[in-house]
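Visitor: For reference, the structure I am asking about is given below.
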Amino acid sequence: MADVEDGDDSLYVLTAMVMTPGRFPGVFGDDYPAACAALGLLPAADGYGLVLGQDGAGARWTVVVDDVPLVAVAIAAWDCGMEYDLSPREETVELAVRAPGVPAPHDPEPGGDLAGVVRLAPPDAGEWSGPQRRLGADEIALRWAQWREETDTSEFTSPGPQEGEDAEAPAGVTHAHPGVRRALGEAHSYLDSPPPPGRVRSAFASGEARTLRVDGPGWSLVARTDDIAFVLLDEEPAQVLPVGRGARLPALLEGLAALAPPES
């Protein structure tokens, strides 16, 4: 826990995260501009750092700062089990947003300087929509090996050309599920018309592979460039639909990986 001083007030930092075109909390939106809009921020190219903590009275806060390297270094140090005093300079603080209210810790009391401040709230755990879908896809990306091990590839057929199609034609990947076909088709269209920043994200995987996170209206895709893919759909609550590698998926995944912004 770090202590950030601001005049007579203190913010006890519990954790932090980075929000850039290549790396942001998927719960906020399908892409980086949407995630920034959820916080009332302009989509700055250099991104932001999100510092989560509590003040001396126990009120929970998320503070947005524009010193991304400082936050990234702190996260790296904490991941290695090292102490790091995360104390953003006062001039780097862009916005403060309140977290959802609980008895203790709790939201700051409304009024005064808090007028117009953006309020964050977690998605309803009893519903299935975009935030839950993206969170599910993020979890698969984080625990790829576990999901891959539990997936019986004999249960689905590797997608290939439909009857009458040329196997060498530059068409998208096919699939038995219409919603998956739609998602794959829209992902394929990104190769010709690049989407907003953050719709396609890429992270290191084992070997020379990359883990991909791709989103679109009503769908999320998780894949490794050397393996299969998983698709989640708004119309299929809590369902994870695998996509076999086949003849066309590798080219689609490599093309999407080339669109991803650099990692932060």
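Order determines the names: the first chain of the structure tokens is A, the second B, and so forth; residues in each chain are numbered 1 upward, and ligands are numbered 1 upward as they are shown.
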Could you give me, as a ChimeraX atom specification, the residues within 12 Å of A:Gly29, counting only C-alpha atoms and dropping anything in the same chain fewer than 4 positions from it?
Guide: /A:19,21,23-25,33-39,123,129-135,196-199,214-220
Visitor: What lies within 10 Å of A:Leu70 using only C-alpha atoms, ignoring chain neighbours under 2 positions off, as JSON, numbers by chain?
Guide: {"A": [18, 49, 65, 66, 67, 68, 72, 73, 74, 75, 85, 86, 87, 88, 89]}
Visitor: Go ahead and write the selection's residues with N, CA, C and O atoms as a PDB file, in the first residue's frame.
Guide:
ATOM      1  N   VAL A  18      -2.925   0.348 -16.053  1.00  0.00           N
ATOM      2  CA  VAL A  18      -2.606   1.226 -17.173  1.00  0.00           C
ATOM      3  C   VAL A  18      -3.741   1.182 -18.181  1.00  0.00           C
ATOM      4  O   VAL A  18      -4.331   0.124 -18.429  1.00  0.00           O
ATOM      5  N   GLY A  49      -2.899   6.428 -16.447  1.00  0.00           N
ATOM      6  CA  GLY A  49      -2.760   5.462 -15.371  1.00  0.00           C
ATOM      7  C   GLY A  49      -3.944   5.588 -14.440  1.00  0.00           C
ATOM      8  O   GLY A  49      -4.409   6.702 -14.164  1.00  0.00           O
ATOM      9  N   VAL A  65      -4.334   9.546 -13.808  1.00  0.00           N
ATOM     10  CA  VAL A  65      -3.153  10.389 -13.974  1.00  0.00           C
ATOM     11  C   VAL A  65      -2.605  10.194 -15.385  1.00  0.00           C
ATOM     12  O   VAL A  65      -2.848   9.168 -16.027  1.00  0.00           O
ATOM     13  N   ASP A  66      -1.870  11.177 -15.872  1.00  0.00           N
ATOM     14  CA  ASP A  66      -1.311  11.055 -17.223  1.00  0.00           C
ATOM     15  C   ASP A  66       0.161  10.643 -17.217  1.00  0.00           C
ATOM     16  O   ASP A  66       0.798  10.610 -18.264  1.00  0.00           O
ATOM     17  N   ASP A  67       0.687  10.299 -16.041  1.00  0.00           N
ATOM     18  CA  ASP A  67       2.064   9.818 -15.947  1.00  0.00           C
ATOM     19  C   ASP A  67       2.042   8.293 -16.071  1.00  0.00           C
ATOM     20  O   ASP A  67       2.185   7.559 -15.085  1.00  0.00           O
ATOM     21  N   VAL A  68       1.867   7.804 -17.300  1.00  0.00           N
ATOM     22  CA  VAL A  68       1.735   6.368 -17.529  1.00  0.00           C
ATOM     23  C   VAL A  68       3.006   5.604 -17.149  1.00  0.00           C
ATOM     24  O   VAL A  68       2.923   4.539 -16.519  1.00  0.00           O
ATOM     25  N   ALA A  72       3.173   2.285 -14.750  1.00  0.00           N
ATOM     26  CA  ALA A  72       3.652   1.022 -15.312  1.00  0.00           C
ATOM     27  C   ALA A  72       4.823   0.464 -14.505  1.00  0.00           C
ATOM     28  O   ALA A  72       4.900  -0.745 -14.251  1.00  0.00           O
ATOM     29  N   VAL A  73       5.736   1.334 -14.094  1.00  0.00           N
ATOM     30  CA  VAL A  73       6.876   0.892 -13.290  1.00  0.00           C
ATOM     31  C   VAL A  73       6.397   0.365 -11.936  1.00  0.00           C
ATOM     32  O   VAL A  73       6.885  -0.661 -11.441  1.00  0.00           O
ATOM     33  N   ALA A  74       5.446   1.053 -11.330  1.00  0.00           N
ATOM     34  CA  ALA A  74       4.916   0.607 -10.037  1.00  0.00           C
ATOM     35  C   ALA A  74       4.275  -0.770 -10.164  1.00  0.00           C
ATOM     36  O   ALA A  74       4.503  -1.658  -9.328  1.00  0.00           O
ATOM     37  N   ILE A  75       3.481  -0.976 -11.210  1.00  0.00           N
ATOM     38  CA  ILE A  75       2.826  -2.271 -11.410  1.00  0.00           C
ATOM     39  C   ILE A  75       3.872  -3.370 -11.596  1.00  0.00           C
ATOM     40  O   ILE A  75       3.757  -4.459 -11.027  1.00  0.00           O
ATOM     41  N   ASP A  85       6.762   3.135  -4.058  1.00  0.00           N
ATOM     42  CA  ASP A  85       5.943   4.244  -3.583  1.00  0.00           C
ATOM     43  C   ASP A  85       5.363   4.975  -4.780  1.00  0.00           C
ATOM     44  O   ASP A  85       6.062   5.728  -5.455  1.00  0.00           O
ATOM     45  N   LEU A  86       4.099   4.719  -5.068  1.00  0.00           N
ATOM     46  CA  LEU A  86       3.432   5.363  -6.200  1.00  0.00           C
ATOM     47  C   LEU A  86       2.868   6.697  -5.746  1.00  0.00           C
ATOM     48  O   LEU A  86       1.831   6.767  -5.099  1.00  0.00           O
ATOM     49  N   SER A  87       3.570   7.771  -6.082  1.00  0.00           N
ATOM     50  CA  SER A  87       3.159   9.116  -5.683  1.00  0.00           C
ATOM     51  C   SER A  87       3.142  10.021  -6.903  1.00  0.00           C
ATOM     52  O   SER A  87       4.135  10.692  -7.208  1.00  0.00           O
ATOM     53  N   PRO A  88       2.025  10.037  -7.655  1.00  0.00           N
ATOM     54  CA  PRO A  88       1.958  10.896  -8.833  1.00  0.00           C
ATOM     55  C   PRO A  88       2.111  12.362  -8.470  1.00  0.00           C
ATOM     56  O   PRO A  88       1.660  12.811  -7.418  1.00  0.00           O
ATOM     57  N   ARG A  89       2.766  13.105  -9.356  1.00  0.00           N
ATOM     58  CA  ARG A  89       2.868  14.549  -9.154  1.00  0.00           C
ATOM     59  C   ARG A  89       1.476  15.153  -9.254  1.00  0.00           C
ATOM     60  O   ARG A  89       0.632  14.701 -10.017  1.00  0.00           O
TER      61      ARG A  89
END
Visitor: Might you pull out every residue within 10 Å of A:Pro194, with only C-alpha atoms counted and same-chain residues fewer than 5 positions away left off, and present them as a PyMOL selection string?
Guide: chain A and resi 187-189+199-200+256+259-260
Visitor: Deliver the residues from the most recent selection as a file, using C-alpha atoms, as a PDB file, in the first residue's frame.
Guide:
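And here's part07.pdb as it stands now:
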ATOM      1  CA  ALA A 187     -13.111  -9.398 -37.449  1.00  0.00           C
ATOM      2  CA  HIS A 188     -12.034 -10.201 -41.015  1.00  0.00           C
ATOM      3  CA  SER A 189     -13.378  -6.815 -42.183  1.00  0.00           C
ATOM      4  CA  ARG A 199     -10.543  -3.117 -30.777  1.00  0.00           C
ATOM      5  CA  VAL A 200      -7.596  -5.415 -31.498  1.00  0.00           C
ATOM      6  CA  LEU A 256      -5.260  -9.037 -36.742  1.00  0.00           C
ATOM      7  CA  LEU A 259      -3.213  -4.291 -36.495  1.00  0.00           C
ATOM      8  CA  ALA A 260      -2.677  -4.307 -32.739  1.00  0.00           C
TER       9      ALA A 260
END
